[in-house]
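*Asks:* Just passing along the structure, written as structure tokens.
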Amino acid sequence: MQQPKLSARGISLWFGEKQVLKDIDIGFQDRQITALIGPSGCGKSTLLRCFNRMHDRTPGVRLSGHCYLDQEDIYAKSVFVAAIRRRIGMVFQKANPFAKSIYENINYGLKINGVQENQRHELIVQSLKESFLWDEVQHELHKPAAQLSGGQQQRLCIARAVALRPEVILMDEPCSALDPLSTAKIEELIKNLKADYTIVIVTHNMQQAQRIADNTVFMYMGRIIEADTTPNIFNNATNELTSSYVHGKFG
Amino acid sequence: MKRKLLEYLEWGSLLMSTTAVCFFLVVILWDLASKGAGSLSWDFVSRFPENGMTSGGILPAIIGTVMLTVITAITAAPFGICCAIYLHEYAPDTPVTRLIRASIRNLAGVPSVIFGLFGLACFVQALHLGTSLLSAGLTLGLLSLPYIIVTSEEALHRVPVSIREGAWALGATHFEMVRDIVVPSALPGIITGIILAVSRAAGETAPILFTGAAYYINNPSFSLDQEFMALPYHLYMLSTQHQSVDLVRPLAYSTALVLIIVVLLLNLTAFYIRYKSSKDHATA
């Protein structure tokens with residue numbers, strides 16, 4: 001197996017006294033989609049947020065272990081956290097566009113990351129096309145993003161992340177607030193993005209994991225129980241817990 | 001049956017309280033309007049007082065109050081906003097921070113006459129600004145500061161965490177996130193808070209009593225280092241200190257009416273800003 005693009009080595013995390021992640025070891029392969037599944041509260045989202053240091057400013061969080069992007073330690077003292085987040089994008093559970101226009105929502109990330117003004121327009125158009133949003137919004141780019149539908153807002157958030165040309169995109173249940181039609185569109189989009197990005201997606205939806213993920217990681221009570229290719233997890237799980245979860249016996 | 005009766009009693013008492021509050025409000029406004037409207041005219045708001053206040057208008061007091069309000073806003077708003085941003089976005093949640101926050105809230109409850117005395121000691125005397133428009137404006141600025149800080153902090157607090165995380169996830173530094181995302185979203189709320197704080201300050205009498213307001217000024221210059229006339233103080237003088245109180249009573253009512261209209265206009269501006277921003281930010 002080749003070197004993983006993104007990996008966690010011995011990650012443990014505490015919220016105050018409560019240990020939420022217990023000695024997590026996992027690697028995600030380049031240009032593959034990996035689904036994180038498991039019952040609510042098992043630590044999937046918490047683990048996902050370790051990779052772009054989203055816990056940094058949360059009071060009471062303690063973390064030990066290492067995360068690596070290629071060979072680089074994400075938590076090393078010399079690392080500038082904003083630079084890491086540019087390379088590891090994130091899409092959240094609930095679409096969170098800024099109170100700006102569609103165009104400005106994407107332009108903002110480019111601006112703060114120092115992309116030259118004459119290159120931005122091209123990137124904005126490109127990312128809207130890659131996010132399957134261009135056809136719907138090309139004539140109203142300066143409309144407030146808040147006026148888009150929920151599914152469109154989420155695709156805008158994906159476009160916003162993609163425009164920065166990150167290496168990894170983390171997705172925290174991106175479809176959980178959307179209707180089946182919007183979900184289908186976003187799944188299609190995620191499969192398309194695989195050609196260029198390493199994608200880690202947290203999902204509660206077993207069918208979704210099977211439809212889009214190359215690999216699946218099953219977590220339970222802060223530990224990784226099993227990580228394998230998606231067909232193996234769903235059909236040939238070695239662990240009892242995994243197979244009863246994916247067959248809906250608990251969770 | 002007993003529960004149903006209780007339900008009626010509860011509803012009735014709530015309705016009665018609301019009616020009582022509205023009743024007094026209407027009575028006050030009606031009293032002011034009916035007695036003040038008679039002598040309220042364009043001349044009244046556009047001319048200087050004449051014949052020892054018994055005729056003419058109150059223009060210098062209006063200008064004085066407006067200038068005072070502007071100075072209050074200019075001095076208090078930047079400090080108040082910066083303080084709120086620091087407290088809400090940067091300060092760690094420690095006992096010291098909590099103590100500072102509690103102190104600011106308590107400061108909002110300090111009687112205004114105390115601020116007046118402080119202004120007299122600090123600005124008028126220690127800093128040698130004299131009894132002047134500037135001293136009074138600074139005093140009212142101090143008075144408004146706690147309100148501005150508290151309302152600004154609340155406005156910042158209403159900016160959802162998800163939006164902040166969205167900015168971080170795009171590689172924004174904490175400062176960029178605050179400057180580009182949080183403050184613009186909170187701005188309508190902050191401005192509303194400033195206007196309400198300042199409109200309250202505009203009606204204050206005690207703090208300007210010692211620091212710069214004058215009963216009557218011949219040829220007012222409206223410069224920062226001079227004494228000035230102001231509506232609330234003018235009202236106080238007309239109703240209690242004038243040599244022929246009965247004669248100027250209608251003028252006092254009109255002055256009160258003008259003061260209320262000024263404050264009302266400020267409040268309406270605040271409501272308009274809030275209404276407009278809530279429409280712009282409505283999420284689907």
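FYI, nothing fancy with the structure tokens labels: chains A, B, ... in order, residues from 1 per chain, ligands from 1 as they appear.
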Could you list, as JSON, numbers by chain, the residues of chain A having an atom within 6 Å of chain B when counting only C-alpha atoms?

*Replies:* {"A": [82, 85, 86, 90, 96, 109, 146, 147]}

*Asks:* Mind dumping the selected residues with C-alpha atoms as a PDB file, in the first residue's frame?

*Replies:*
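Final output, saved to again29.pdb:
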```
ATOM      1  CA  ALA A  82      -4.561  28.944   8.318  1.00  0.00           C
ATOM      2  CA  ARG A  85      -6.795  24.772   6.439  1.00  0.00           C
ATOM      3  CA  ARG A  86      -6.250  26.060   2.963  1.00  0.00           C
ATOM      4  CA  MET A  90     -14.105  21.429   4.935  1.00  0.00           C
ATOM      5  CA  ASN A  96     -23.033  28.005   6.157  1.00  0.00           C
ATOM      6  CA  GLY A 109     -11.381  32.548   0.425  1.00  0.00           C
ATOM      7  CA  ALA A 146     -29.008  33.352   1.514  1.00  0.00           C
ATOM      8  CA  GLN A 147     -31.609  33.382  -1.258  1.00  0.00           C
TER       9      GLN A 147
END
```

*Asks:* What's the 6 Å shell around region 114-129 of chain B, counting only C-alpha atoms, without same-chain residues fewer than 6 positions away, as a list in words?

*Replies:* Ser135, Thr139, Pro207 and Thr211 of chain B

*Asks:* Quick one: write out the picked residues with C-alpha atoms as a PDB file, in the first residue's frame?

*Replies:*
```pdb
ATOM      1  CA  SER B 135     -16.855  67.900  28.774  1.00  0.00           C
ATOM      2  CA  THR B 139     -19.415  62.524  30.249  1.00  0.00           C
ATOM      3  CA  PRO B 207     -24.710  64.512  33.802  1.00  0.00           C
ATOM      4  CA  THR B 211     -20.385  69.691  33.012  1.00  0.00           C
TER       5      THR B 211
END
```

*Asks:* I'd like to know which of A:Leu193, A:Leu178, A:Val125, A:Cys50 is closest to Leu63 (chain A), using only C-alpha atoms.

*Replies:* A:Cys50

*Asks:* Assign secondary structure with DSSP using the backbone only, and return the residues of region 37-92 of chain A in strand (DSSP E or B) as a PyMOL selection string.

*Replies:* chain A and resi 37+61-69+72-73+88-91

*Asks:* Within 6 Å of region 215-221 of chain A, counting only C-alpha atoms, which residues show up once you throw out same-chain ones fewer than 6 positions away? Write them as a list in words, please.

*Replies:*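 So the residues in contact are Thr34, Ala35, Leu36, Ile37, Gly38, Cys42, Ala227, Asp228, Thr229 and Thr230 of chain A.
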
*Asks:* Near region 3-10 of chain A, within 10 Å and counting only C-alpha atoms, which residues show up once chain neighbours fewer than 2 positions away are dropped, as a short mmCIF file (atom, residue, chain, number, x, y, z; two decimals) with N, CA and C atoms, in the first residue's frame?

*Replies:*
```
data_model
loop_
_atom_site.label_atom_id
_atom_site.label_comp_id
_atom_site.auth_asym_id
_atom_site.auth_seq_id
_atom_site.Cartn_x
_atom_site.Cartn_y
_atom_site.Cartn_z
N MET A 1 0.83 -1.21 0.00
CA MET A 1 0.00 0.00 0.00
C MET A 1 0.86 1.25 0.00
N SER A 12 -5.64 10.85 20.53
CA SER A 12 -6.63 10.77 21.60
C SER A 12 -7.10 12.19 21.88
N LEU A 13 -8.38 12.32 22.21
CA LEU A 13 -8.91 13.67 22.44
C LEU A 13 -9.88 13.66 23.60
N LEU A 21 -11.97 10.51 21.80
CA LEU A 21 -11.24 9.70 20.83
C LEU A 21 -10.15 8.92 21.56
N LYS A 22 -10.05 7.63 21.22
CA LYS A 22 -9.12 6.77 21.96
C LYS A 22 -8.11 6.15 21.00
N ASP A 23 -6.93 6.74 20.98
CA ASP A 23 -5.80 6.15 20.27
C ASP A 23 -6.15 5.76 18.83
N ILE A 24 -6.53 6.78 18.05
CA ILE A 24 -6.97 6.54 16.67
C ILE A 24 -5.77 6.43 15.72
N ASP A 25 -5.74 5.39 14.95
CA ASP A 25 -4.73 5.20 13.92
C ASP A 25 -5.43 4.94 12.60
N ILE A 26 -5.25 5.85 11.65
CA ILE A 26 -5.94 5.64 10.37
C ILE A 26 -5.26 6.43 9.27
N GLY A 27 -5.28 5.89 8.06
CA GLY A 27 -4.73 6.63 6.94
C GLY A 27 -5.76 6.70 5.81
N PHE A 28 -5.76 7.82 5.09
CA PHE A 28 -6.68 7.97 3.96
C PHE A 28 -5.88 8.08 2.68
N GLN A 29 -6.21 7.24 1.70
CA GLN A 29 -5.46 7.21 0.45
C GLN A 29 -5.79 8.39 -0.45
N ASP A 30 -4.79 8.81 -1.21
CA ASP A 30 -4.96 9.92 -2.13
C ASP A 30 -6.02 9.59 -3.19
N ARG A 31 -6.82 10.60 -3.52
CA ARG A 31 -7.85 10.50 -4.55
C ARG A 31 -8.78 9.30 -4.35
N GLN A 32 -9.16 9.10 -3.10
CA GLN A 32 -10.18 8.11 -2.81
C GLN A 32 -11.19 8.74 -1.87
N LEU A 47 -13.28 13.36 15.12
CA LEU A 47 -12.06 12.93 14.44
C LEU A 47 -11.84 13.75 13.17
N CYS A 50 -10.32 17.01 13.70
CA CYS A 50 -8.91 17.03 14.11
C CYS A 50 -8.01 17.35 12.92
N PHE A 51 -8.46 16.95 11.72
CA PHE A 51 -7.57 17.05 10.56
C PHE A 51 -7.41 18.47 10.04
N SER A 64 -3.82 14.52 22.08
CA SER A 64 -2.46 13.97 21.98
C SER A 64 -2.37 13.11 20.74
N GLY A 65 -1.13 12.90 20.26
CA GLY A 65 -0.94 12.14 19.03
C GLY A 65 -0.62 13.08 17.89
N HIS A 66 -0.58 12.53 16.70
CA HIS A 66 -0.17 13.32 15.54
C HIS A 66 -1.11 13.10 14.36
N CYS A 67 -1.25 14.16 13.55
CA CYS A 67 -1.94 14.02 12.27
C CYS A 67 -0.96 14.44 11.19
N TYR A 68 -0.95 13.71 10.09
CA TYR A 68 -0.03 14.04 9.01
C TYR A 68 -0.74 14.28 7.70
N LEU A 69 -0.31 15.35 7.02
CA LEU A 69 -0.73 15.58 5.64
C LEU A 69 0.52 15.29 4.82
N ASP A 70 0.49 14.26 4.00
CA ASP A 70 1.74 13.70 3.45
C ASP A 70 2.66 13.41 4.64
N GLN A 71 3.86 14.02 4.66
CA GLN A 71 4.75 13.72 5.78
C GLN A 71 4.69 14.80 6.86
N GLU A 72 3.92 15.86 6.57
CA GLU A 72 3.97 17.03 7.44
C GLU A 72 3.04 16.89 8.64
N ASP A 73 3.61 17.12 9.84
CA ASP A 73 2.82 17.04 11.07
C ASP A 73 1.93 18.28 11.18
N ILE A 74 0.61 18.06 11.09
CA ILE A 74 -0.34 19.17 11.10
C ILE A 74 -0.29 19.97 12.40
N ILE A 88 -6.49 21.71 3.49
CA ILE A 88 -7.49 20.72 3.88
C ILE A 88 -8.82 21.45 4.03
N GLU A 167 -5.98 19.98 -1.07
CA GLU A 167 -5.56 18.62 -1.40
C GLU A 167 -6.56 17.62 -0.85
N VAL A 168 -7.15 17.99 0.29
CA VAL A 168 -8.10 17.10 0.95
C VAL A 168 -9.39 17.89 1.19
N TYR A 197 -9.24 15.19 -5.64
CA TYR A 197 -9.09 15.42 -4.21
C TYR A 197 -9.22 14.13 -3.41
N THR A 198 -8.58 14.16 -2.23
CA THR A 198 -8.79 13.10 -1.26
C THR A 198 -9.99 13.52 -0.43
N ILE A 199 -10.98 12.65 -0.32
CA ILE A 199 -12.21 13.05 0.38
C ILE A 199 -12.49 12.14 1.56
N VAL A 200 -12.75 12.76 2.70
CA VAL A 200 -13.18 12.01 3.88
C VAL A 200 -14.57 12.52 4.22
#
```

*Asks:* With a distance cut-off of 8 Å and only C-alpha atoms, select the neighbouring residues of region 65-74 of chain B, excluding the residue or stretch itself and same-chain residues fewer than 4 positions from it, and output the selection as JSON, numbers by chain.

*Replies:* {"B": [61, 78, 133, 134, 136, 137, 138, 139, 140, 141, 144, 194, 198, 199, 201, 202, 229, 230, 231]}

*Asks:* Please produce an output containing C-alpha atoms for each residue in the selection, written as a PDB file, in the first residue's frame.

*Replies:*
```pdb
ATOM      1  CA  ALA B  61     -31.216  73.973  22.705  1.00  0.00           C
ATOM      2  CA  PRO B  78     -15.292  53.223  18.814  1.00  0.00           C
ATOM      3  CA  LEU B 133     -19.823  70.989  25.156  1.00  0.00           C
ATOM      4  CA  LEU B 134     -16.811  68.681  25.040  1.00  0.00           C
ATOM      5  CA  ALA B 136     -20.559  67.144  28.678  1.00  0.00           C
ATOM      6  CA  GLY B 137     -20.214  65.041  25.527  1.00  0.00           C
ATOM      7  CA  LEU B 138     -17.394  63.014  27.079  1.00  0.00           C
ATOM      8  CA  THR B 139     -19.415  62.524  30.249  1.00  0.00           C
ATOM      9  CA  LEU B 140     -22.402  61.262  28.288  1.00  0.00           C
ATOM     10  CA  GLY B 141     -19.990  59.109  26.275  1.00  0.00           C
ATOM     11  CA  SER B 144     -23.317  55.304  27.163  1.00  0.00           C
ATOM     12  CA  ILE B 194     -25.354  52.657  19.750  1.00  0.00           C
ATOM     13  CA  VAL B 198     -27.130  57.626  22.566  1.00  0.00           C
ATOM     14  CA  SER B 199     -30.840  58.456  22.427  1.00  0.00           C
ATOM     15  CA  ALA B 201     -28.038  59.897  26.714  1.00  0.00           C
ATOM     16  CA  ALA B 202     -29.705  62.685  24.722  1.00  0.00           C
ATOM     17  CA  MET B 229     -28.041  74.894  25.785  1.00  0.00           C
ATOM     18  CA  ALA B 230     -29.701  71.472  25.721  1.00  0.00           C
ATOM     19  CA  LEU B 231     -33.325  70.342  25.544  1.00  0.00           C
TER      20      LEU B 231
END
```

*Asks:* Please give the complete set of residues from region 137-245 of chain A that DSSP, run on the backbone, assigns to alpha helix (DSSP H), formatted as a ChimeraX atom specification.

*Replies:* /A:137,150-162,180-193,206-212,230-235,240-245

*Asks:* Can you tell me, as a PyMOL selection string, what residues are no more than 9 Å from Val91 (chain A) when counting only C-alpha atoms, ignoring any on the same chain fewer than 6 positions away?

*Replies:* (chain A and resi 154+157-158+161+169-174) or (chain B and resi 166+169)

*Asks:* Return the single residue from B:Leu25, B:Leu5, B:Leu59, B:Met53 that is closest to Val248 (chain B), with distances computed using only C-alpha atoms.

*Replies:*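 With only C-alpha atoms as the atom set, the closest residue is B:Met53.
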
*Asks:* How many Å separate CA of Pro49 (chain B) from CA of Gly130 (chain B)?

*Replies:*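 A separation of 25.0 Å between them.
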